[in-house]
$ cat coords-v8.pdb   # PDB, C-alpha atoms and all ligand atoms
ATOM      1  CA  MET A   1      77.364-200.117 137.981
ATOM      2  CA  GLU A   2      77.854-202.820 135.383
ATOM      3  CA  GLY A   3      74.764-203.852 133.402
ATOM      4  CA  GLN A   4      74.440-207.203 135.111
ATOM      5  CA  ASP A   5      74.768-205.681 138.596
ATOM      6  CA  LEU A   6      71.865-203.321 138.112
ATOM      7  CA  PRO A   7      68.847-204.056 140.307
ATOM      8  CA  TYR A   8      66.077-206.017 138.634
ATOM      9  CA  VAL A   9      62.927-203.944 138.374
ATOM     10  CA  LEU A  10      59.594-205.260 137.157
ATOM     11  CA  ILE A  11      57.568-203.152 134.716
ATOM     12  CA  ASP A  12      54.376-203.961 132.880
ATOM     13  CA  ARG A  13      55.744-203.411 129.402
ATOM     14  CA  ILE A  14      57.342-200.824 127.166
ATOM     15  CA  GLY A  15      55.127-198.682 124.937
ATOM     16  CA  GLY A  16      51.410-198.943 124.256
ATOM     17  CA  LYS A  17      48.605-198.200 126.686
ATOM     18  CA  HIS A  18      49.941-198.146 130.268
ATOM     19  CA  GLY A  19      53.405-199.067 129.000
ATOM     20  CA  VAL A  20      56.606-197.325 130.102
ATOM     21  CA  TYR A  21      57.284-194.541 127.613
ATOM     22  CA  GLU A  22      59.785-195.576 125.000
ATOM     23  CA  ASP A  23      61.763-192.377 125.427
ATOM     24  CA  HIS A  24      62.126-193.027 129.167
ATOM     25  CA  VAL A  25      63.711-196.420 128.670
ATOM     26  CA  GLU A  26      67.239-195.242 127.986
ATOM     27  CA  PHE A  27      67.321-193.363 131.294
ATOM     28  CA  LEU A  28      65.736-196.201 133.243
ATOM     29  CA  GLU A  29      68.105-198.766 131.782
ATOM     30  CA  LYS A  30      71.076-196.778 133.053
ATOM     31  CA  HIS A  31      69.848-197.540 136.554
ATOM     32  CA  PHE A  32      67.843-200.739 136.390
ATOM     33  CA  HIS A  33      67.642-204.064 134.704
ATOM     34  CA  LEU A  34      64.065-203.781 133.448
ATOM     35  CA  ILE A  35      61.984-206.929 133.285
ATOM     36  CA  THR A  36      58.603-206.815 131.569
ATOM     37  CA  MET A  37      55.686-208.870 132.858
ATOM     38  CA  THR A  38      55.922-211.102 129.803
ATOM     39  CA  GLU A  39      59.612-211.782 130.449
ATOM     40  CA  TYR A  40      58.873-212.415 134.080
ATOM     41  CA  LEU A  41      56.118-214.919 133.368
ATOM     42  CA  GLU A  42      58.286-216.714 130.823
ATOM     43  CA  ASN A  43      61.185-217.103 133.223
ATOM     44  CA  LYS A  44      59.518-216.894 136.618
ATOM     45  CA  LYS A  45      61.716-219.436 138.373
ATOM     46  CA  PHE A  46      64.896-217.470 137.751
ATOM     47  CA  LEU A  47      63.473-213.962 137.974
ATOM     48  CA  SER A  48      61.204-214.173 140.998
ATOM     49  CA  LYS A  49      64.114-213.996 143.474
ATOM     50  CA  LYS A  50      65.930-211.351 141.457
ATOM     51  CA  ILE A  51      63.211-208.702 141.298
ATOM     52  CA  ARG A  52      63.580-206.084 144.022
ATOM     53  CA  ALA A  53      61.295-203.283 142.882
ATOM     54  CA  ILE A  54      58.200-202.647 140.806
ATOM     55  CA  TYR A  55      58.057-199.559 138.629
ATOM     56  CA  MET A  56      54.296-199.088 138.458
ATOM     57  CA  TRP A  57      53.507-196.824 135.537
ATOM     58  CA  TYR A  58      49.883-195.830 135.437
ATOM     59  CA  HIS A  59      48.629-198.594 137.703
ATOM     60  CA  ARG A  60      50.381-201.412 135.847
ATOM     61  CA  PRO A  61      51.349-204.116 136.499
ATOM     62  CA  VAL A  62      48.405-204.912 138.742
ATOM     63  CA  ILE A  63      49.772-206.003 142.103
ATOM     64  CA  ASN A  64      47.882-208.783 143.844
ATOM     65  CA  GLU A  65      48.738-211.256 146.558
ATOM     66  CA  GLU A  66      49.800-213.891 144.051
ATOM     67  CA  LEU A  67      52.385-211.546 142.555
ATOM     68  CA  LEU A  68      53.618-210.495 145.992
ATOM     69  CA  GLN A  69      54.000-214.107 147.084
ATOM     70  CA  SER A  70      56.094-214.826 144.030
ATOM     71  CA  LEU A  71      58.538-211.949 144.668
ATOM     72  CA  PRO A  72      60.272-212.696 147.983
ATOM     73  CA  ASN A  73      62.891-209.978 147.570
ATOM     74  CA  LEU A  74      60.543-207.162 146.592
ATOM     75  CA  LYS A  75      61.373-204.048 148.614
ATOM     76  CA  ILE A  76      59.558-201.174 146.984
ATOM     77  CA  VAL A  77      56.737-200.276 144.630
ATOM     78  CA  ALA A  78      57.201-196.880 142.985
ATOM     79  CA  SER A  79      53.819-195.738 141.707
ATOM     80  CA  SER A  80      53.450-192.917 139.192
ATOM     81  CA  GLY A  81      51.170-189.966 139.949
ATOM     82  CA  VAL A  82      49.632-188.946 143.234
ATOM     83  CA  GLY A  83      46.574-191.185 143.719
ATOM     84  CA  ILE A  84      47.245-194.512 145.407
ATOM     85  CA  ASP A  85      43.687-195.853 145.457
ATOM     86  CA  HIS A  86      44.809-198.668 143.128
ATOM     87  CA  LEU A  87      47.157-200.047 145.791
ATOM     88  CA  ASP A  88      46.385-202.144 148.852
ATOM     89  CA  LEU A  89      48.791-200.478 151.272
ATOM     90  CA  LYS A  90      48.021-202.847 154.127
ATOM     91  CA  LEU A  91      48.732-205.876 151.970
ATOM     92  CA  LEU A  92      51.985-204.390 150.681
ATOM     93  CA  SER A  93      53.074-203.493 154.168
ATOM     94  CA  SER A  94      52.314-207.032 155.390
ATOM     95  CA  TYR A  95      54.892-208.192 152.821
ATOM     96  CA  GLY A  96      57.353-205.563 154.065
ATOM     97  CA  VAL A  97      57.089-203.650 150.789
ATOM     98  CA  LYS A  98      57.384-199.859 150.812
ATOM     99  CA  VAL A  99      55.456-197.589 148.480
ATOM    100  CA  SER A 100      56.226-194.230 146.893
ATOM    101  CA  ASN A 101      54.297-191.886 144.600
ATOM    102  CA  THR A 102      55.060-188.604 142.818
ATOM    103  CA  PRO A 103      52.675-186.037 144.321
ATOM    104  CA  PHE A 104      54.586-182.810 143.908
ATOM    105  CA  VAL A 105      55.565-182.982 140.271
ATOM    106  CA  VAL A 106      51.990-183.600 139.088
ATOM    107  CA  SER A 107      50.355-180.760 140.984
ATOM    108  CA  THR A 108      51.068-177.830 138.649
ATOM    109  CA  ASP A 109      49.788-179.533 135.524
ATOM    110  CA  THR A 110      46.728-180.900 137.278
ATOM    111  CA  ALA A 111      45.870-177.458 138.629
ATOM    112  CA  ASP A 112      46.340-176.021 135.135
ATOM    113  CA  LEU A 113      43.949-178.633 133.782
ATOM    114  CA  GLY A 114      41.372-177.759 136.443
ATOM    115  CA  MET A 115      41.473-174.156 135.264
ATOM    116  CA  ALA A 116      41.355-175.245 131.625
ATOM    117  CA  LEU A 117      38.243-177.339 132.278
ATOM    118  CA  MET A 118      36.583-174.515 134.167
ATOM    119  CA  LEU A 119      37.266-172.025 131.383
ATOM    120  CA  ALA A 120      36.398-174.437 128.591
ATOM    121  CA  SER A 121      33.108-175.380 130.196
ATOM    122  CA  SER A 122      32.023-171.890 131.201
ATOM    123  CA  ARG A 123      32.917-170.332 127.851
ATOM    124  CA  ARG A 124      31.617-173.364 125.923
ATOM    125  CA  LEU A 125      34.833-173.902 123.997
ATOM    126  CA  VAL A 126      33.976-177.365 122.736
ATOM    127  CA  GLU A 127      30.565-176.290 121.443
ATOM    128  CA  GLY A 128      32.150-173.108 120.070
ATOM    129  CA  TYR A 129      34.726-175.111 118.158
ATOM    130  CA  GLN A 130      32.001-177.335 116.724
ATOM    131  CA  ILE A 131      30.001-174.303 115.636
ATOM    132  CA  ALA A 132      33.045-172.565 114.180
ATOM    133  CA  VAL A 133      33.933-175.539 111.972
ATOM    134  CA  SER A 134      30.360-176.436 111.010
ATOM    135  CA  PRO A 135      28.937-175.433 107.604
ATOM    136  CA  ASP A 136      26.384-173.241 109.395
ATOM    137  CA  THR A 137      27.798-169.744 109.706
ATOM    138  CA  GLU A 138      24.743-168.314 111.502
ATOM    139  CA  TYR A 139      26.077-168.633 114.991
ATOM    140  CA  PHE A 140      26.059-166.649 118.229
ATOM    141  CA  PRO A 141      22.350-166.678 119.067
ATOM    142  CA  ALA A 142      21.544-165.206 122.479
ATOM    143  CA  ASP A 143      20.893-168.590 124.062
ATOM    144  CA  TRP A 144      24.448-169.618 123.357
ATOM    145  CA  LEU A 145      26.129-167.308 125.858
ATOM    146  CA  GLY A 146      28.567-168.613 128.439
ATOM    147  CA  ALA A 147      29.171-167.697 132.073
ATOM    148  CA  GLU A 148      32.046-165.590 133.311
ATOM    149  CA  VAL A 149      34.847-167.105 135.367
ATOM    150  CA  SER A 150      36.433-163.845 136.489
ATOM    151  CA  GLY A 151      34.751-162.660 139.657
ATOM    152  CA  ALA A 152      32.745-165.874 140.125
ATOM    153  CA  THR A 153      32.893-168.047 143.249
ATOM    154  CA  LEU A 154      35.019-171.167 143.125
ATOM    155  CA  GLY A 155      34.586-173.869 145.763
ATOM    156  CA  ILE A 156      37.590-176.174 146.048
ATOM    157  CA  VAL A 157      36.889-179.506 147.728
ATOM    158  CA  GLY A 158      40.258-180.867 148.833
ATOM    159  CA  MET A 159      42.867-178.200 149.483
ATOM    160  CA  GLY A 160      46.008-180.314 149.150
ATOM    161  CA  THR A 161      48.901-179.373 146.902
ATOM    162  CA  ILE A 162      46.769-179.445 143.746
ATOM    163  CA  GLY A 163      43.776-177.668 145.304
ATOM    164  CA  TYR A 164      46.031-174.926 146.607
ATOM    165  CA  LYS A 165      47.622-174.432 143.196
ATOM    166  CA  VAL A 166      44.136-174.101 141.707
ATOM    167  CA  ALA A 167      43.439-171.396 144.311
ATOM    168  CA  GLU A 168      46.617-169.544 143.311
ATOM    169  CA  ARG A 169      45.492-169.568 139.700
ATOM    170  CA  ALA A 170      41.902-168.620 140.541
ATOM    171  CA  LYS A 171      43.153-165.639 142.528
ATOM    172  CA  ALA A 172      44.595-164.238 139.313
ATOM    173  CA  PHE A 173      41.083-164.548 137.849
ATOM    174  CA  GLU A 174      39.763-162.438 140.751
ATOM    175  CA  MET A 175      37.575-165.303 141.883
ATOM    176  CA  LYS A 176      36.090-165.569 145.331
ATOM    177  CA  ILE A 177      37.600-168.769 146.696
ATOM    178  CA  LEU A 178      35.953-171.104 149.197
ATOM    179  CA  TYR A 179      37.490-174.381 150.276
ATOM    180  CA  HIS A 180      36.631-177.453 152.251
ATOM    181  CA  ASN A 181      39.340-179.728 153.575
ATOM    182  CA  ARG A 182      39.864-182.249 156.359
ATOM    183  CA  ASN A 183      42.369-179.868 157.901
ATOM    184  CA  ARG A 184      42.098-176.130 157.750
ATOM    185  CA  ARG A 185      45.075-174.401 156.094
ATOM    186  CA  ASN A 186      46.932-171.886 158.244
ATOM    187  CA  LYS A 187      45.993-168.203 158.172
ATOM    188  CA  GLU A 188      49.007-167.180 156.050
ATOM    189  CA  GLU A 189      48.204-169.784 153.398
ATOM    190  CA  GLU A 190      44.556-168.760 153.373
ATOM    191  CA  SER A 191      45.257-165.077 153.046
ATOM    192  CA  ALA A 192      47.940-165.573 150.361
ATOM    193  CA  VAL A 193      45.201-166.751 147.991
ATOM    194  CA  GLY A 194      42.234-165.125 149.719
ATOM    195  CA  ALA A 195      40.593-168.482 150.433
ATOM    196  CA  ILE A 196      37.720-168.815 152.899
ATOM    197  CA  TYR A 197      37.392-172.073 154.826
ATOM    198  CA  CYS A 198      34.039-173.840 154.859
ATOM    199  CA  LYS A 199      33.968-176.351 157.677
ATOM    200  CA  LYS A 200      30.780-177.784 156.203
ATOM    201  CA  ILE A 201      30.938-178.876 152.588
ATOM    202  CA  ASP A 202      27.241-177.930 152.269
ATOM    203  CA  ASP A 203      28.068-174.237 152.699
ATOM    204  CA  LEU A 204      30.597-174.432 149.892
ATOM    205  CA  LEU A 205      28.199-176.297 147.602
ATOM    206  CA  GLN A 206      25.409-173.780 148.161
ATOM    207  CA  GLN A 207      27.536-170.721 147.446
ATOM    208  CA  SER A 208      29.829-171.767 144.585
ATOM    209  CA  ASP A 209      29.455-171.085 140.874
ATOM    210  CA  PHE A 210      32.134-173.694 140.196
ATOM    211  CA  VAL A 211      32.843-176.659 142.457
ATOM    212  CA  LEU A 212      36.214-178.259 141.792
ATOM    213  CA  LEU A 213      37.005-181.672 143.270
ATOM    214  CA  SER A 214      40.607-182.233 144.220
ATOM    215  CA  VAL A 215      40.478-184.917 146.900
ATOM    216  CA  ASN A 216      42.117-188.328 147.090
ATOM    217  CA  LEU A 217      39.773-191.249 146.630
ATOM    218  CA  THR A 218      39.402-192.895 150.043
ATOM    219  CA  PRO A 219      36.495-194.634 151.783
ATOM    220  CA  GLN A 220      35.573-191.176 153.161
ATOM    221  CA  THR A 221      35.465-189.494 149.745
ATOM    222  CA  HIS A 222      33.874-192.370 147.819
ATOM    223  CA  LYS A 223      30.769-190.846 146.153
ATOM    224  CA  LEU A 224      31.203-187.752 148.295
ATOM    225  CA  ILE A 225      29.122-185.868 145.728
ATOM    226  CA  GLY A 226      25.765-187.584 145.347
ATOM    227  CA  LYS A 227      22.164-186.579 144.680
ATOM    228  CA  ARG A 228      21.863-184.612 147.916
ATOM    229  CA  GLU A 229      25.060-182.643 147.309
ATOM    230  CA  LEU A 230      24.169-181.932 143.676
ATOM    231  CA  GLU A 231      20.804-180.623 144.790
ATOM    232  CA  LEU A 232      22.532-178.250 147.172
ATOM    233  CA  MET A 233      24.505-176.713 144.307
ATOM    234  CA  LYS A 234      23.169-173.721 142.394
ATOM    235  CA  PRO A 235      21.251-174.562 139.204
ATOM    236  CA  THR A 236      23.761-172.297 137.453
ATOM    237  CA  ALA A 237      26.788-174.112 138.889
ATOM    238  CA  THR A 238      29.377-176.310 137.182
ATOM    239  CA  LEU A 239      31.071-179.357 138.708
ATOM    240  CA  ILE A 240      34.719-179.934 137.774
ATOM    241  CA  ASN A 241      36.428-183.194 138.671
ATOM    242  CA  THR A 242      40.175-183.702 138.303
ATOM    243  CA  SER A 243      40.517-186.260 141.115
ATOM    244  CA  ARG A 244      38.870-189.654 140.681
ATOM    245  CA  GLY A 245      35.580-190.552 139.033
ATOM    246  CA  LEU A 246      34.370-192.424 142.084
ATOM    247  CA  VAL A 247      34.346-189.257 144.184
ATOM    248  CA  VAL A 248      31.070-188.544 142.385
ATOM    249  CA  ASP A 249      27.972-190.717 142.175
ATOM    250  CA  GLN A 250      27.911-190.778 138.394
ATOM    251  CA  ASP A 251      24.291-191.893 138.038
ATOM    252  CA  ALA A 252      23.195-189.022 140.251
ATOM    253  CA  LEU A 253      25.341-186.674 138.183
ATOM    254  CA  VAL A 254      23.764-187.809 134.912
ATOM    255  CA  GLU A 255      20.320-187.245 136.392
ATOM    256  CA  ALA A 256      21.279-183.829 137.741
ATOM    257  CA  LEU A 257      22.655-182.760 134.364
ATOM    258  CA  GLN A 258      19.680-184.089 132.437
ATOM    259  CA  ASN A 259      17.238-182.346 134.762
ATOM    260  CA  LYS A 260      19.248-179.120 134.955
ATOM    261  CA  VAL A 261      19.738-179.478 138.712
ATOM    262  CA  ILE A 262      23.198-178.130 137.946
ATOM    263  CA  LYS A 263      24.259-176.394 134.773
ATOM    264  CA  ALA A 264      27.260-178.354 133.589
ATOM    265  CA  ALA A 265      30.119-180.698 134.388
ATOM    266  CA  ALA A 266      33.728-180.804 133.237
ATOM    267  CA  LEU A 267      35.350-184.134 133.993
ATOM    268  CA  ASP A 268      38.879-185.415 133.583
ATOM    269  CA  VAL A 269      37.946-188.581 135.441
ATOM    270  CA  THR A 270      35.006-190.983 135.267
ATOM    271  CA  TYR A 271      34.278-194.595 136.065
ATOM    272  CA  PRO A 272      35.095-196.630 134.187
ATOM    273  CA  GLU A 273      37.748-194.966 132.069
ATOM    274  CA  PRO A 274      37.074-194.726 129.251
ATOM    275  CA  LEU A 275      33.279-194.658 129.481
ATOM    276  CA  PRO A 276      31.356-197.086 127.279
ATOM    277  CA  ARG A 277      30.586-195.299 124.017
ATOM    278  CA  ASP A 278      26.851-195.340 124.712
ATOM    279  CA  HIS A 279      27.168-193.808 128.190
ATOM    280  CA  PRO A 280      24.678-190.977 128.807
ATOM    281  CA  LEU A 281      27.446-188.605 129.930
ATOM    282  CA  LEU A 282      28.833-188.715 126.400
ATOM    283  CA  LYS A 283      25.524-187.565 124.976
ATOM    284  CA  LEU A 284      25.004-184.457 127.067
ATOM    285  CA  LYS A 285      25.833-181.072 125.610
ATOM    286  CA  ASN A 286      26.509-179.596 129.027
ATOM    287  CA  VAL A 287      29.380-181.990 129.732
ATOM    288  CA  ILE A 288      32.971-181.905 128.637
ATOM    289  CA  ILE A 289      35.221-184.880 129.253
ATOM    290  CA  THR A 290      38.946-185.357 128.905
ATOM    291  CA  PRO A 291      40.683-188.734 129.151
ATOM    292  CA  HIS A 292      42.403-188.423 132.565
ATOM    293  CA  ILE A 293      45.157-186.079 131.451
ATOM    294  CA  GLY A 294      45.838-184.127 134.667
ATOM    295  CA  SER A 295      49.595-184.695 134.535
ATOM    296  CA  ALA A 296      49.885-185.378 130.844
ATOM    297  CA  THR A 297      52.677-183.087 129.743
ATOM    298  CA  LYS A 298      56.034-184.225 128.473
ATOM    299  CA  LYS A 299      57.993-182.457 131.192
ATOM    300  CA  THR A 300      55.875-183.727 134.073
ATOM    301  CA  ARG A 301      55.821-187.311 132.881
ATOM    302  CA  ARG A 302      59.631-187.181 132.669
ATOM    303  CA  LEU A 303      59.866-185.746 136.195
ATOM    304  CA  MET A 304      57.566-188.493 137.439
ATOM    305  CA  MET A 305      59.856-191.109 135.935
ATOM    306  CA  GLU A 306      62.901-189.461 137.544
ATOM    307  CA  ASN A 307      61.115-189.258 140.924
ATOM    308  CA  MET A 308      60.230-192.938 140.726
ATOM    309  CA  THR A 309      63.830-193.831 139.879
ATOM    310  CA  GLU A 310      65.109-191.904 142.912
ATOM    311  CA  SER A 311      62.580-193.564 145.194
ATOM    312  CA  ILE A 312      63.528-197.044 144.017
ATOM    313  CA  GLN A 313      67.220-196.290 144.412
ATOM    314  CA  ALA A 314      66.721-194.952 147.929
ATOM    315  CA  GLY A 315      64.441-197.847 148.887
ATOM    316  CA  LEU A 316      66.963-200.417 147.692
ATOM    317  CA  ALA A 317      69.841-198.636 149.426
ATOM    318  CA  GLY A 318      67.906-198.569 152.711
ATOM    319  CA  LEU A 319      67.817-194.764 152.656
ATOM    320  CA  PRO A 320      64.802-192.530 153.404
ATOM    321  CA  ILE A 321      62.513-192.830 150.408
ATOM    322  CA  PRO A 322      61.507-189.571 148.719
ATOM    323  CA  ASN A 323      57.702-189.391 148.551
ATOM    324  CA  GLU A 324      57.193-192.527 150.589
ATOM    325  CA  VAL A 325      53.493-193.251 151.098
ATOM    326  CA  LEU A 326      52.920-194.176 154.719
ATOM    327  CA  LEU A 327      50.093-196.417 155.862
TER     328      LEU A 327
HETATM  329  O1  LIG B 401      45.574-189.532 138.262
HETATM  330  C1  LIG B 401      46.681-189.158 138.346
HETATM  331  C2  LIG B 401      47.421-189.179 139.554
HETATM  332  O2  LIG B 401      47.013-189.857 140.503
HETATM  333  O3  LIG B 401      48.461-188.515 139.595
END
$ encode --input "coords-v8.pdb" --output "structure tokens" --more "lines below"
Ligand SMILES: O=CC(=O)O
Amino acid sequence: MEGQDLPYVLIDRIGGKHGVYEDHVEFLEKHFHLITMTEYLENKKFLSKKIRAIYMWYHRPVINEELLQSLPNLKIVASSGVGIDHLDLKLLSSYGVKVSNTPFVVSTDTADLGMALMLASSRRLVEGYQIAVSPDTEYFPADWLGAEVSGATLGIVGMGTIGYKVAERAKAFEMKILYHNRNRRNKEEESAVGAIYCKKIDDLLQQSDFVLLSVNLTPQTHKLIGKRELELMKPTATLINTSRGLVVDQDALVEALQNKVIKAAALDVTYPEPLPRDHPLLKLKNVIITPHIGSATKKTRRLMMENMTESIQAGLAGLPIPNEVLL
């Protein structure tokens, strides 16, 4: 296709926070005529009818009704990553706009990160690093010991693609695996990883040494883990969250960590992100936090970009959209 015939696709911007990666641009520009938000706002009259897709990289540009009204020929929003809690699907559908995400390519890395957080927290890697580089060489007192992951019980809340991959990894650590999910996995899938279904989340919370959250954020999972749930957990247990911050009542979590209701937390997600620098979670020794990096590897981010390109192309050609998100 000649440059000028390429479909016009709106992006937030190139580079910087939330921007399309600079090294993805060459590939994208082979397929699309990219228009940044700034360009769009400067030349709205001409561009509003031209734009047929939004390439939404890390939740940007923000899509609201005003933007939708101004883009009469918008057919598809391709959103990076798996979570779609930043999108109003009903609103998009009322404008006849389809939505896609990239669930499968992010699952391996996110499961790896879940394991990394579990290991780092239980074996106190961050504290260990700080001790190792500190001027004080008198380390390893008895009160500094960690907890073992191998052989411990892992409770996975949300056994979708990511949760299941965590179970596969945990099996190699000889962990006892419990899971809670809206729908029970079939017997073959359960026995392949040795996972035991807990119909009631309470049973999982009471028995697990590590509770890993891997659910989508929906009205049903909003603050799913609150004071009551934290109190059900063992005082020796660790909470790991690689899903969305709002799945946990953060104030209740701070209180539980301060009062040793649970032992520790390892969080890739919080609300807001990043946390204000004076937030109590940043002051607790029994917490480790990473800046929402579940899928943050070079290979996966490239695959996400390629997935999004394919979805836009299919959507614009009227073909079945890979990874279409249905209402
Ligand atoms: O948060 C990351 C994702 O939704 O993939």
$ closest_residue --input "coords-v8.pdb" --among "A:Arg244, A:Arg277, A:Lys285, A:Arg184" --to "ligand LIG 401 (chain B)" --atoms "all atoms listed in the file"
A:Arg244
$ atom_distance --input "coords-v8.pdb" --atom1 "CA of Arg302 in chain A" --atom2 "atom O1 of ligand LIG 401 (chain B)"
15.3 Å
$ closest_atom_pairs --input "coords-v8.pdb" --of "chain A" --to "ligand LIG 401 (chain B)" --cutoff "7 Å" --atoms "only C-alpha atoms and all ligand atoms" --output "CSV"
residue,atom,partner,partner_atom,distance
A:Ser80,CA,B:LIG401,O3,6.7
A:Gly81,CA,B:LIG401,O3,3.1
A:Val82,CA,B:LIG401,O3,3.8
A:Gly83,CA,B:LIG401,O2,3.5
A:Ile84,CA,B:LIG401,O2,6.8
A:Pro103,CA,B:LIG401,O3,6.8
A:Val106,CA,B:LIG401,O3,6.1
A:Ser243,CA,B:LIG401,O1,6.7
A:His292,CA,B:LIG401,O1,6.6
A:Gly294,CA,B:LIG401,C1,6.3
A:Ser295,CA,B:LIG401,O3,6.4
$ atom_distance --input "coords-v8.pdb" --atom1 "CA of Arg13 in chain A" --atom2 "CA of Ser79 in chain A"
14.6 Å
$ atom_distance --input "coords-v8.pdb" --atom1 "CA of Val105 in chain A" --atom2 "CA of Ile289 in chain A"
23.2 Å
$ residues_around --input "coords-v8.pdb" --residues "Ile201 in chain A" --least-positions-apart "5" --cutoff "12 Å" --atoms "all atoms listed in the file" --output "MDAnalysis selection string"
chainID A and resid 155:158 178:182 206:208 211 213 221 224:225 228:230 232:233
$ write_last_selection --input "coords-v8.pdb" --atoms "C-alpha atoms" --output "PDB file, keeping the file's coordinate frame"
ATOM      1  CA  GLY A 155      34.586-173.869 145.763  1.00  0.00           C
ATOM      2  CA  ILE A 156      37.590-176.174 146.048  1.00  0.00           C
ATOM      3  CA  VAL A 157      36.889-179.506 147.728  1.00  0.00           C
ATOM      4  CA  GLY A 158      40.258-180.867 148.833  1.00  0.00           C
ATOM      5  CA  LEU A 178      35.953-171.104 149.197  1.00  0.00           C
ATOM      6  CA  TYR A 179      37.490-174.381 150.276  1.00  0.00           C
ATOM      7  CA  HIS A 180      36.631-177.453 152.251  1.00  0.00           C
ATOM      8  CA  ASN A 181      39.340-179.728 153.575  1.00  0.00           C
ATOM      9  CA  ARG A 182      39.864-182.249 156.359  1.00  0.00           C
ATOM     10  CA  GLN A 206      25.409-173.780 148.161  1.00  0.00           C
ATOM     11  CA  GLN A 207      27.536-170.721 147.446  1.00  0.00           C
ATOM     12  CA  SER A 208      29.829-171.767 144.585  1.00  0.00           C
ATOM     13  CA  VAL A 211      32.843-176.659 142.457  1.00  0.00           C
ATOM     14  CA  LEU A 213      37.005-181.672 143.270  1.00  0.00           C
ATOM     15  CA  THR A 221      35.465-189.494 149.745  1.00  0.00           C
ATOM     16  CA  LEU A 224      31.203-187.752 148.295  1.00  0.00           C
ATOM     17  CA  ILE A 225      29.122-185.868 145.728  1.00  0.00           C
ATOM     18  CA  ARG A 228      21.863-184.612 147.916  1.00  0.00           C
ATOM     19  CA  GLU A 229      25.060-182.643 147.309  1.00  0.00           C
ATOM     20  CA  LEU A 230      24.169-181.932 143.676  1.00  0.00           C
ATOM     21  CA  LEU A 232      22.532-178.250 147.172  1.00  0.00           C
ATOM     22  CA  MET A 233      24.505-176.713 144.307  1.00  0.00           C
TER      23      MET A 233
END
